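Novice: What follows is run_19.pdb, made up of PDB, C-alpha atoms:
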```pdb
ATOM      1  CA  MET A   1       7.329   7.490  14.059  1.00  0.00           C
ATOM      2  CA  SER A   2       8.303   6.723  17.679  1.00  0.00           C
ATOM      3  CA  ASN A   3       9.427   3.248  18.757  1.00  0.00           C
ATOM      4  CA  LYS A   4       6.139   2.826  20.651  1.00  0.00           C
ATOM      5  CA  ASN A   5       4.114   3.699  17.545  1.00  0.00           C
ATOM      6  CA  VAL A   6       6.219   1.359  15.406  1.00  0.00           C
ATOM      7  CA  GLY A   7       5.641  -1.429  17.953  1.00  0.00           C
ATOM      8  CA  ASN A   8       1.905  -0.765  18.176  1.00  0.00           C
ATOM      9  CA  ASP A   9       1.602  -0.774  14.386  1.00  0.00           C
ATOM     10  CA  GLY A  10       3.545  -4.050  14.225  1.00  0.00           C
ATOM     11  CA  GLU A  11       1.284  -5.660  16.830  1.00  0.00           C
ATOM     12  CA  LYS A  12      -1.829  -4.562  14.936  1.00  0.00           C
ATOM     13  CA  ARG A  13      -0.433  -6.072  11.733  1.00  0.00           C
ATOM     14  CA  ALA A  14       0.386  -9.278  13.628  1.00  0.00           C
ATOM     15  CA  VAL A  15      -3.173  -9.467  15.013  1.00  0.00           C
ATOM     16  CA  ASP A  16      -4.634  -8.942  11.537  1.00  0.00           C
ATOM     17  CA  TYR A  17      -2.330 -11.657  10.158  1.00  0.00           C
ATOM     18  CA  LEU A  18      -3.311 -14.126  12.893  1.00  0.00           C
ATOM     19  CA  ILE A  19      -7.032 -13.514  12.388  1.00  0.00           C
ATOM     20  CA  GLU A  20      -6.637 -13.992   8.629  1.00  0.00           C
ATOM     21  CA  ASN A  21      -4.942 -17.314   9.372  1.00  0.00           C
ATOM     22  CA  GLY A  22      -7.685 -18.697  11.607  1.00  0.00           C
ATOM     23  CA  TYR A  23      -6.543 -17.637  15.060  1.00  0.00           C
ATOM     24  CA  LYS A  24      -8.953 -16.288  17.657  1.00  0.00           C
ATOM     25  CA  ILE A  25      -7.375 -13.416  19.560  1.00  0.00           C
ATOM     26  CA  LEU A  26      -8.045 -13.764  23.289  1.00  0.00           C
ATOM     27  CA  PHE A  27      -5.890 -10.936  24.653  1.00  0.00           C
ATOM     28  CA  ARG A  28      -3.553  -8.210  23.446  1.00  0.00           C
ATOM     29  CA  ASN A  29      -0.865  -6.786  25.703  1.00  0.00           C
ATOM     30  CA  TRP A  30      -1.815  -9.024  28.634  1.00  0.00           C
ATOM     31  CA  ARG A  31       0.221  -7.822  31.560  1.00  0.00           C
ATOM     32  CA  LEU A  32       0.825  -8.248  35.227  1.00  0.00           C
ATOM     33  CA  SER A  33       3.634  -6.847  37.320  1.00  0.00           C
ATOM     34  CA  GLY A  34       6.796  -8.372  35.982  1.00  0.00           C
ATOM     35  CA  GLY A  35       5.932  -8.622  32.331  1.00  0.00           C
ATOM     36  CA  GLU A  36       3.639  -8.682  29.370  1.00  0.00           C
ATOM     37  CA  ILE A  37       2.590 -11.045  26.610  1.00  0.00           C
ATOM     38  CA  ASP A  38       1.949  -9.268  23.313  1.00  0.00           C
ATOM     39  CA  ILE A  39      -0.786 -11.563  21.980  1.00  0.00           C
ATOM     40  CA  ILE A  40      -2.572 -14.597  23.381  1.00  0.00           C
ATOM     41  CA  ALA A  41      -4.501 -16.497  20.740  1.00  0.00           C
ATOM     42  CA  LEU A  42      -6.267 -19.805  20.209  1.00  0.00           C
ATOM     43  CA  LYS A  43      -6.110 -22.010  17.129  1.00  0.00           C
ATOM     44  CA  ASP A  44      -7.191 -25.634  16.795  1.00  0.00           C
ATOM     45  CA  ASP A  45      -7.350 -26.057  20.588  1.00  0.00           C
ATOM     46  CA  VAL A  46      -3.773 -24.774  20.984  1.00  0.00           C
ATOM     47  CA  LEU A  47      -3.193 -21.764  23.215  1.00  0.00           C
ATOM     48  CA  VAL A  48      -0.546 -19.620  21.526  1.00  0.00           C
ATOM     49  CA  PHE A  49       1.552 -17.005  23.304  1.00  0.00           C
ATOM     50  CA  VAL A  50       2.898 -14.661  20.646  1.00  0.00           C
ATOM     51  CA  GLU A  51       5.846 -12.299  20.956  1.00  0.00           C
ATOM     52  CA  VAL A  52       5.850  -9.621  18.266  1.00  0.00           C
ATOM     53  CA  LYS A  53       9.083  -7.971  17.196  1.00  0.00           C
ATOM     54  CA  THR A  54       8.901  -5.042  14.809  1.00  0.00           C
ATOM     55  CA  LEU A  55      12.456  -4.683  13.562  1.00  0.00           C
ATOM     56  CA  PRO A  56      12.818  -2.472  10.496  1.00  0.00           C
ATOM     57  CA  ASN A  57      16.464  -1.988   9.527  1.00  0.00           C
ATOM     58  CA  SER A  58      17.538  -4.913  11.749  1.00  0.00           C
ATOM     59  CA  THR A  59      19.297  -8.212  11.211  1.00  0.00           C
ATOM     60  CA  VAL A  60      19.100 -11.688  12.680  1.00  0.00           C
ATOM     61  CA  ASP A  61      21.849 -10.674  15.128  1.00  0.00           C
ATOM     62  CA  MET A  62      19.559  -7.981  16.507  1.00  0.00           C
ATOM     63  CA  LEU A  63      16.704 -10.476  16.806  1.00  0.00           C
ATOM     64  CA  GLU A  64      18.913 -12.774  18.874  1.00  0.00           C
ATOM     65  CA  LYS A  65      19.667  -9.875  21.223  1.00  0.00           C
ATOM     66  CA  VAL A  66      16.056  -8.763  21.704  1.00  0.00           C
ATOM     67  CA  LEU A  67      14.685 -12.309  22.044  1.00  0.00           C
ATOM     68  CA  ASN A  68      17.441 -13.846  24.140  1.00  0.00           C
ATOM     69  CA  LYS A  69      17.036 -16.619  26.724  1.00  0.00           C
ATOM     70  CA  GLU A  70      16.171 -14.118  29.469  1.00  0.00           C
ATOM     71  CA  LYS A  71      13.303 -12.682  27.413  1.00  0.00           C
ATOM     72  CA  GLN A  72      12.083 -16.205  26.627  1.00  0.00           C
ATOM     73  CA  LYS A  73      12.141 -17.100  30.344  1.00  0.00           C
ATOM     74  CA  ARG A  74      10.080 -13.982  31.144  1.00  0.00           C
ATOM     75  CA  ILE A  75       7.499 -14.916  28.496  1.00  0.00           C
ATOM     76  CA  ILE A  76       7.292 -18.477  29.838  1.00  0.00           C
ATOM     77  CA  LYS A  77       6.933 -17.166  33.415  1.00  0.00           C
ATOM     78  CA  MET A  78       4.153 -14.815  32.315  1.00  0.00           C
ATOM     79  CA  SER A  79       2.398 -17.641  30.444  1.00  0.00           C
ATOM     80  CA  LYS A  80       2.341 -19.660  33.664  1.00  0.00           C
ATOM     81  CA  ARG A  81       0.834 -16.706  35.499  1.00  0.00           C
ATOM     82  CA  PHE A  82      -1.755 -16.385  32.746  1.00  0.00           C
ATOM     83  CA  LEU A  83      -2.687 -20.055  33.136  1.00  0.00           C
ATOM     84  CA  GLN A  84      -3.023 -19.613  36.903  1.00  0.00           C
ATOM     85  CA  ASN A  85      -5.540 -16.827  36.264  1.00  0.00           C
ATOM     86  CA  HIS A  86      -7.309 -18.565  33.370  1.00  0.00           C
ATOM     87  CA  ARG A  87      -7.706 -22.147  34.512  1.00  0.00           C
ATOM     88  CA  GLU A  88      -9.998 -22.960  31.563  1.00  0.00           C
ATOM     89  CA  TYR A  89      -6.846 -23.331  29.409  1.00  0.00           C
ATOM     90  CA  ILE A  90      -4.757 -25.321  31.887  1.00  0.00           C
ATOM     91  CA  ASN A  91      -5.229 -28.758  30.297  1.00  0.00           C
ATOM     92  CA  GLY A  92      -4.668 -27.771  26.680  1.00  0.00           C
ATOM     93  CA  TYR A  93      -1.609 -27.593  24.520  1.00  0.00           C
ATOM     94  CA  ILE A  94       0.414 -24.392  24.540  1.00  0.00           C
ATOM     95  CA  ARG A  95       2.911 -22.975  22.099  1.00  0.00           C
ATOM     96  CA  PHE A  96       5.271 -20.014  21.978  1.00  0.00           C
ATOM     97  CA  ASP A  97       5.404 -18.216  18.623  1.00  0.00           C
ATOM     98  CA  VAL A  98       7.291 -15.189  17.394  1.00  0.00           C
ATOM     99  CA  ILE A  99       6.092 -12.856  14.668  1.00  0.00           C
ATOM    100  CA  ILE A 100       8.743 -10.644  13.134  1.00  0.00           C
ATOM    101  CA  ILE A 101       7.580  -7.529  11.319  1.00  0.00           C
ATOM    102  CA  ASP A 102       9.617  -5.767   8.608  1.00  0.00           C
ATOM    103  CA  MET A 103      13.047  -7.348   9.141  1.00  0.00           C
ATOM    104  CA  LYS A 104      15.353  -7.051   6.148  1.00  0.00           C
ATOM    105  CA  GLY A 105      15.681 -10.305   4.213  1.00  0.00           C
ATOM    106  CA  LEU A 106      12.397 -11.752   5.530  1.00  0.00           C
ATOM    107  CA  PRO A 107       8.795 -11.417   4.337  1.00  0.00           C
ATOM    108  CA  PRO A 108       7.027  -8.340   5.808  1.00  0.00           C
ATOM    109  CA  ILE A 109       5.302 -10.610   8.350  1.00  0.00           C
ATOM    110  CA  TYR A 110       7.377 -13.644   9.313  1.00  0.00           C
ATOM    111  CA  HIS A 111       5.702 -16.141  11.662  1.00  0.00           C
ATOM    112  CA  ILE A 112       7.834 -18.636  13.572  1.00  0.00           C
ATOM    113  CA  GLU A 113       5.582 -21.269  15.125  1.00  0.00           C
ATOM    114  CA  ASN A 114       6.924 -23.040  18.193  1.00  0.00           C
ATOM    115  CA  ALA A 115       9.866 -20.613  18.261  1.00  0.00           C
ATOM    116  CA  PHE A 116      11.004 -21.697  21.714  1.00  0.00           C
ATOM    117  CA  SER A 117       9.960 -23.860  24.639  1.00  0.00           C
ATOM    118  CA  GLU A 118      10.693 -24.271  28.300  1.00  0.00           C
ATOM    119  CA  SER A 119      13.964 -26.107  28.822  1.00  0.00           C
ATOM    120  CA  LEU A 120      13.855 -29.063  31.150  1.00  0.00           C
TER     121      LEU A 120
END
```
Here is a file; write its structure as structure tokens.
Specialist:
Amino acid sequence: MSNKNVGNDGEKRAVDYLIENGYKILFRNWRLSGGEIDIIALKDDVLVFVEVKTLPNSTVDMLEKVLNKEKQKRIIKMSKRFLQNHREYINGYIRFDVIIIDMKGLPPIYHIENAFSESL
């Protein structure tokens, strides 16, 4: 299976997991020039920006490389652009989550709520 197919499968599993856990999926693969947010969801009046990492045969070291500070800054920048385009969510709480799919040593779907935030 190609990396793209592995990623798409992981995102579908993440969406299914979120729905099963009470999230409403607003957007998948929301993108503008400069970046993309894998999943944007709503739960209990919290807008959640979700980064999905499908990492079979990987370790925590690999996760740190693929979700480094630069990647986090891009996700935060894209979330701000999303909020500019979707003003109905501007006054609510937001959160940045990461869902890891198939990493050795973790459950098949591992959800990290509030995985990172914007540094002041």
Novice: Care to translate the PyMOL selection byres ((chain A and resi 55) around 6) into actual residues of this file, as a PyMOL selection string?
Specialist: chain A and resi 53-54+56+58+102-103
Novice: Mind pulling up the distance from atom CA of A:Arg81 to atom CA of A:Arg13?
Specialist: 26.1 Å
Novice: Take atom CA of A:Asp38 and atom CA of A:Phe96 and report the distance between them in Å, one decimal.
Specialist: 11.3 Å
Novice: Report the residues retrieved by the PyMOL selection byres ((chain A and resi 116) around 8) from the displayed file, expressed as a short mmCIF file (atom, residue, chain, number, x, y, z; two decimals) with C-alpha atoms, in the frame of the given file.
Specialist:
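Output saved as result_34.cif:
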```cif
data_model
loop_
_atom_site.label_atom_id
_atom_site.label_comp_id
_atom_site.auth_asym_id
_atom_site.auth_seq_id
_atom_site.Cartn_x
_atom_site.Cartn_y
_atom_site.Cartn_z
CA GLN A 72 12.08 -16.20 26.63
CA PHE A 96 5.27 -20.01 21.98
CA ASP A 97 5.40 -18.22 18.62
CA ASN A 114 6.92 -23.04 18.19
CA ALA A 115 9.87 -20.61 18.26
CA SER A 117 9.96 -23.86 24.64
CA GLU A 118 10.69 -24.27 28.30
#
```
Novice: Fewer than 4 positions away in the same chain doesn't count, so skip those; otherwise give me all residues within 12 Å of A:Lys12, counting only C-alpha atoms, as a PDB file with C-alpha atoms, in the coordinates of the input.
Specialist:
```
ATOM      1  CA  ASN A   5       4.114   3.699  17.545  1.00  0.00           C
ATOM      2  CA  VAL A   6       6.219   1.359  15.406  1.00  0.00           C
ATOM      3  CA  GLY A   7       5.641  -1.429  17.953  1.00  0.00           C
ATOM      4  CA  ASN A   8       1.905  -0.765  18.176  1.00  0.00           C
ATOM      5  CA  ASP A  16      -4.634  -8.942  11.537  1.00  0.00           C
ATOM      6  CA  TYR A  17      -2.330 -11.657  10.158  1.00  0.00           C
ATOM      7  CA  LEU A  18      -3.311 -14.126  12.893  1.00  0.00           C
ATOM      8  CA  ILE A  19      -7.032 -13.514  12.388  1.00  0.00           C
ATOM      9  CA  ILE A  25      -7.375 -13.416  19.560  1.00  0.00           C
ATOM     10  CA  ARG A  28      -3.553  -8.210  23.446  1.00  0.00           C
ATOM     11  CA  ASN A  29      -0.865  -6.786  25.703  1.00  0.00           C
ATOM     12  CA  ASP A  38       1.949  -9.268  23.313  1.00  0.00           C
ATOM     13  CA  ILE A  39      -0.786 -11.563  21.980  1.00  0.00           C
ATOM     14  CA  VAL A  52       5.850  -9.621  18.266  1.00  0.00           C
ATOM     15  CA  LYS A  53       9.083  -7.971  17.196  1.00  0.00           C
ATOM     16  CA  THR A  54       8.901  -5.042  14.809  1.00  0.00           C
ATOM     17  CA  ILE A  99       6.092 -12.856  14.668  1.00  0.00           C
ATOM     18  CA  ILE A 101       7.580  -7.529  11.319  1.00  0.00           C
ATOM     19  CA  ILE A 109       5.302 -10.610   8.350  1.00  0.00           C
TER      20      ILE A 109
END
```
Novice: What's the separation between atom CA of A:Ile76 and atom CA of A:Asn57, in Å to one decimal place?
Specialist: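 Computing the Euclidean distance for atom CA of A:Ile76 and atom CA of A:Asn57 yields 27.7 Å.
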Novice: Selection in question (the file shown): the PyMOL selection byres ((chain A and resi 34-37) around 9). Which residues does it include, as a list of chain:residue names?
Specialist: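 Checked against the file, the PyMOL selection byres ((chain A and resi 34-37) around 9) matches A:Phe27, A:Arg28, A:Asn29, A:Trp30, A:Arg31, A:Leu32, A:Ser33, A:Asp38, A:Ile39, A:Ile40, A:Phe49, A:Val50, A:Glu51, A:Arg74, A:Ile75, A:Lys77, A:Met78, A:Ser79.
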Novice: My list of candidates is A:Tyr110, A:Ser119, A:Leu47, A:Val98. Which is closest to A:Lys73 when distances are computed with only C-alpha atoms?
Specialist: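 Of A:Tyr110, A:Ser119, A:Leu47, A:Val98, the one nearest A:Lys73 is A:Ser119, counting only C-alpha atoms.
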Novice: Select, counting all atoms listed in the file, all protein, DNA and RNA residues no farther than 10 Å from (-8.1, -25.3, 17.3) in file coordinates, and express the selection as a PDB file with C-alpha atoms, in the coordinates of the input.
Specialist:
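Contents of the output file out03.pdb:
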```pdb
ATOM      1  CA  GLY A  22      -7.685 -18.697  11.607  1.00  0.00           C
ATOM      2  CA  TYR A  23      -6.543 -17.637  15.060  1.00  0.00           C
ATOM      3  CA  LYS A  24      -8.953 -16.288  17.657  1.00  0.00           C
ATOM      4  CA  LEU A  42      -6.267 -19.805  20.209  1.00  0.00           C
ATOM      5  CA  LYS A  43      -6.110 -22.010  17.129  1.00  0.00           C
ATOM      6  CA  ASP A  44      -7.191 -25.634  16.795  1.00  0.00           C
ATOM      7  CA  ASP A  45      -7.350 -26.057  20.588  1.00  0.00           C
ATOM      8  CA  VAL A  46      -3.773 -24.774  20.984  1.00  0.00           C
ATOM      9  CA  LEU A  47      -3.193 -21.764  23.215  1.00  0.00           C
ATOM     10  CA  TYR A  93      -1.609 -27.593  24.520  1.00  0.00           C
TER      11      TYR A  93
END
```
Novice: With all atoms listed in the file as the basis for distance, which of A:Ala14, A:Ile94, A:Ile100, A:Leu106 is at the shortest distance from A:Val66?
Specialist: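 For A:Val66, the nearest of the given residues is A:Ile100.
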Novice: Quick one: stretch 30-44 of chain A with N, CA and C atoms, as a PDB file, in the coordinates of the input?
Specialist:
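Full text of rebuild_3.pdb as output:
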```
ATOM      1  N   TRP A  30      -1.415  -8.508  27.320  1.00  0.00           N
ATOM      2  CA  TRP A  30      -1.815  -9.024  28.634  1.00  0.00           C
ATOM      3  C   TRP A  30      -0.641  -8.822  29.577  1.00  0.00           C
ATOM      4  N   ARG A  31      -0.898  -8.111  30.664  1.00  0.00           N
ATOM      5  CA  ARG A  31       0.221  -7.822  31.560  1.00  0.00           C
ATOM      6  C   ARG A  31      -0.157  -7.923  33.021  1.00  0.00           C
ATOM      7  N   LEU A  32       0.849  -8.296  33.774  1.00  0.00           N
ATOM      8  CA  LEU A  32       0.825  -8.248  35.227  1.00  0.00           C
ATOM      9  C   LEU A  32       2.168  -7.648  35.623  1.00  0.00           C
ATOM     10  N   SER A  33       2.324  -7.346  36.903  1.00  0.00           N
ATOM     11  CA  SER A  33       3.634  -6.847  37.320  1.00  0.00           C
ATOM     12  C   SER A  33       4.676  -7.895  36.946  1.00  0.00           C
ATOM     13  N   GLY A  34       5.732  -7.446  36.360  1.00  0.00           N
ATOM     14  CA  GLY A  34       6.796  -8.372  35.982  1.00  0.00           C
ATOM     15  C   GLY A  34       6.837  -8.728  34.513  1.00  0.00           C
ATOM     16  N   GLY A  35       5.830  -8.313  33.746  1.00  0.00           N
ATOM     17  CA  GLY A  35       5.932  -8.622  32.331  1.00  0.00           C
ATOM     18  C   GLY A  35       4.634  -8.499  31.568  1.00  0.00           C
ATOM     19  N   GLU A  36       4.758  -8.811  30.292  1.00  0.00           N
ATOM     20  CA  GLU A  36       3.639  -8.682  29.370  1.00  0.00           C
ATOM     21  C   GLU A  36       3.769  -9.738  28.279  1.00  0.00           C
ATOM     22  N   ILE A  37       2.628 -10.183  27.792  1.00  0.00           N
ATOM     23  CA  ILE A  37       2.590 -11.045  26.610  1.00  0.00           C
ATOM     24  C   ILE A  37       1.865 -10.247  25.536  1.00  0.00           C
ATOM     25  N   ASP A  38       2.496 -10.117  24.374  1.00  0.00           N
ATOM     26  CA  ASP A  38       1.949  -9.268  23.313  1.00  0.00           C
ATOM     27  C   ASP A  38       0.575  -9.739  22.855  1.00  0.00           C
ATOM     28  N   ILE A  39       0.481 -11.020  22.485  1.00  0.00           N
ATOM     29  CA  ILE A  39      -0.786 -11.563  21.980  1.00  0.00           C
ATOM     30  C   ILE A  39      -0.979 -12.963  22.549  1.00  0.00           C
ATOM     31  N   ILE A  40      -2.196 -13.244  22.983  1.00  0.00           N
ATOM     32  CA  ILE A  40      -2.572 -14.597  23.381  1.00  0.00           C
ATOM     33  C   ILE A  40      -3.718 -14.991  22.466  1.00  0.00           C
ATOM     34  N   ALA A  41      -3.527 -16.090  21.758  1.00  0.00           N
ATOM     35  CA  ALA A  41      -4.501 -16.497  20.740  1.00  0.00           C
ATOM     36  C   ALA A  41      -4.792 -17.986  20.874  1.00  0.00           C
ATOM     37  N   LEU A  42      -5.848 -18.403  20.205  1.00  0.00           N
ATOM     38  CA  LEU A  42      -6.267 -19.805  20.209  1.00  0.00           C
ATOM     39  C   LEU A  42      -6.457 -20.248  18.766  1.00  0.00           C
ATOM     40  N   LYS A  43      -5.886 -21.417  18.448  1.00  0.00           N
ATOM     41  CA  LYS A  43      -6.110 -22.010  17.129  1.00  0.00           C
ATOM     42  C   LYS A  43      -6.074 -23.524  17.268  1.00  0.00           C
ATOM     43  N   ASP A  44      -7.117 -24.169  16.771  1.00  0.00           N
ATOM     44  CA  ASP A  44      -7.191 -25.634  16.795  1.00  0.00           C
ATOM     45  C   ASP A  44      -6.891 -26.194  18.182  1.00  0.00           C
TER      46      ASP A  44
END
```
